[in-house]
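Engineer: What follows is the file final-v4.pdb, containing PDB, C-alpha atoms:
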```pdb
ATOM      1  CA  MET Y 195     132.280 207.802 137.168
ATOM      2  CA  VAL Y 196     132.639 204.469 135.403
ATOM      3  CA  THR Y 197     133.851 201.523 137.438
ATOM      4  CA  ARG Y 198     135.313 198.277 136.127
ATOM      5  CA  TYR Y 199     133.444 195.408 137.745
ATOM      6  CA  LYS Y 200     135.113 192.012 137.579
ATOM      7  CA  ASN Y 201     132.056 189.758 137.945
ATOM      8  CA  PRO Y 202     128.286 189.836 138.587
ATOM      9  CA  GLU Y 203     128.768 189.613 142.351
ATOM     10  CA  THR Y 204     130.758 192.867 142.465
ATOM     11  CA  LEU Y 205     127.903 194.490 140.561
ATOM     12  CA  GLY Y 206     125.467 193.242 143.180
ATOM     13  CA  LEU Y 207     123.562 191.064 140.693
ATOM     14  CA  THR Y 208     123.365 187.867 142.736
ATOM     15  CA  VAL Y 209     119.876 188.644 144.107
ATOM     16  CA  TRP Y 210     118.334 190.233 141.033
ATOM     17  CA  GLN Y 211     115.460 188.681 139.152
ATOM     18  CA  SER Y 212     116.436 190.124 135.780
ATOM     19  CA  SER Y 213     118.892 192.539 134.225
ATOM     20  CA  ILE Y 214     119.178 194.492 130.996
ATOM     21  CA  ILE Y 215     122.444 195.695 129.507
ATOM     22  CA  GLU Y 216     121.903 198.825 127.445
ATOM     23  CA  GLY Y 217     124.339 199.861 124.722
ATOM     24  CA  ILE Y 218     125.344 196.491 123.289
ATOM     25  CA  ALA Y 219     122.942 196.652 120.327
ATOM     26  CA  GLU Y 220     124.778 199.692 118.957
ATOM     27  CA  GLY Y 221     127.955 197.613 118.750
ATOM     28  CA  LEU Y 222     130.928 197.067 121.019
ATOM     29  CA  THR Y 223     134.028 199.214 121.013
ATOM     30  CA  PRO Y 224     137.103 199.150 123.244
ATOM     31  CA  ASP Y 225     136.332 200.493 126.743
ATOM     32  CA  LYS Y 226     132.711 201.268 125.861
ATOM     33  CA  SER Y 227     130.432 202.427 128.667
ATOM     34  CA  LEU Y 228     127.281 200.352 129.137
ATOM     35  CA  THR Y 229     124.320 200.702 131.489
ATOM     36  CA  VAL Y 230     123.212 197.697 133.540
ATOM     37  CA  ARG Y 231     119.641 197.870 134.891
ATOM     38  CA  ALA Y 232     118.631 195.219 137.366
ATOM     39  CA  ARG Y 233     115.166 194.781 138.846
ATOM     40  CA  ARG Y 234     113.835 192.976 141.877
ATOM     41  CA  ASP Y 235     110.199 192.140 142.377
ATOM     42  CA  TYR Y 236     109.962 194.484 145.326
ATOM     43  CA  ALA Y 237     112.355 197.308 144.403
ATOM     44  CA  LEU Y 238     112.989 199.915 141.758
ATOM     45  CA  ASP Y 239     115.619 199.523 139.082
ATOM     46  CA  HIS Y 240     119.222 199.340 140.248
ATOM     47  CA  VAL Y 241     121.362 201.119 137.645
ATOM     48  CA  ARG Y 242     125.142 200.925 137.229
ATOM     49  CA  THR Y 243     127.378 202.319 134.518
ATOM     50  CA  VAL Y 244     130.071 199.823 133.592
ATOM     51  CA  MET Y 245     132.838 199.594 131.030
ATOM     52  CA  THR Y 246     133.472 196.644 128.715
ATOM     53  CA  SER Y 247     136.561 194.561 129.338
ATOM     54  CA  ILE Y 248     137.240 194.679 125.598
ATOM     55  CA  GLU Y 249     140.346 196.817 125.247
ATOM     56  CA  THR Y 250     141.368 196.513 121.568
ATOM     57  CA  THR Y 251     139.708 196.362 118.152
ATOM     58  CA  ASP Y 252     141.096 192.819 117.785
ATOM     59  CA  GLU Y 253     139.111 191.792 120.871
ATOM     60  CA  VAL Y 254     135.968 193.307 119.304
ATOM     61  CA  ALA Y 255     136.518 191.034 116.284
ATOM     62  CA  TYR Y 256     137.078 188.002 118.537
ATOM     63  CA  ASP Y 257     133.829 188.717 120.371
ATOM     64  CA  ARG Y 258     131.937 189.187 117.102
ATOM     65  CA  HIS Y 259     133.060 185.718 115.953
ATOM     66  CA  GLY Y 260     132.269 183.962 119.235
ATOM     67  CA  GLY Y 261     135.757 183.997 120.763
ATOM     68  CA  ILE Y 262     139.397 183.872 119.762
ATOM     69  CA  LEU Y 263     139.419 180.274 118.431
ATOM     70  CA  PRO Y 264     136.432 180.644 116.043
ATOM     71  CA  SER Y 265     137.874 183.978 114.943
ATOM     72  CA  MET Y 266     141.266 182.432 114.149
ATOM     73  CA  LEU Y 267     139.653 179.530 112.284
ATOM     74  CA  ARG Y 268     137.863 181.953 109.975
TER      75      ARG Y 268
END
```
How does this structure look as structure tokens?

Structural biologist:
Amino acid sequence: MVTRYKNPETLGLTVWQSSIIEGIAEGLTPDKSLTVRARRDYALDHVRTVMTSIETTDEVAYDRHGGILPSMLR
């Protein structure tokens, strides 16, 4: 099951040393599932499946150009 997390705290990332988000390199799409792997020094990976908050193809274009304002200026 994929859960929509609103911020890093709801993902439990406040105490993590590092995190990797898998799936972004292949490109973003509306409601794409991504895997977040977080690692502590003393624990195994903590893995969560999350969904992007990008809901439309227009939002994908905005993200690709660094936000809505730079996208509109182009």

Engineer: Which polymer residues have any atom within 9 Å of an atom of segment 216-224 of chain Y, counting only C-alpha atoms, with same-chain residues fewer than 6 positions away left out, as a list in words?

Structural biologist: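 Skipping anything fewer than 6 positions along the chain leaves Val230, Arg231, Met245, Thr246, Ser247, Ile248, Glu249, Thr250, Thr251, Glu253, Val254, Asp257 and Arg258 of chain Y.
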
Engineer: Just give me the gap between atom CA of Lys226 of chain Y and atom CA of Val241 of chain Y in Å, one decimal is fine.

Structural biologist: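 Interatomic distance, atom CA of Lys226 of chain Y to atom CA of Val241 of chain Y: 16.4 Å.
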
Engineer: To test your reading of the syntax: which residues would the PyMOL selection byres ((chain Y and resi 213) around 7) return for the file shown? Reply as a list in words.

Structural biologist: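 Here the PyMOL selection byres ((chain Y and resi 213) around 7) matches Ser212, Ile214, Ile215, Val230, Arg231, Ala232 and Arg233 of chain Y.
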
Engineer: So what do you get for atom CA of Asp225 of chain Y versus atom CA of His240 of chain Y, distance-wise?

Structural biologist: 21.8 Å

Engineer: Enter the distance from atom CA of Ala255 of chain Y to atom CA of Leu267 of chain Y, in Å, rounded to one decimal.

Structural biologist: 12.6 Å

Engineer: Near Thr243 of chain Y, counting all atoms listed in the file, which residues have an atom at most 7 Å away, once you skip same-chain residues fewer than 6 positions from it, shown as a short mmCIF file (atom, residue, chain, number, x, y, z; two decimals) with C-alpha atoms, in the frame of the given file?

Structural biologist:
```cif
data_model
loop_
_atom_site.label_atom_id
_atom_site.label_comp_id
_atom_site.auth_asym_id
_atom_site.auth_seq_id
_atom_site.Cartn_x
_atom_site.Cartn_y
_atom_site.Cartn_z
CA VAL Y 196 132.64 204.47 135.40
CA SER Y 227 130.43 202.43 128.67
CA LEU Y 228 127.28 200.35 129.14
CA THR Y 229 124.32 200.70 131.49
CA VAL Y 230 123.21 197.70 133.54
#
```
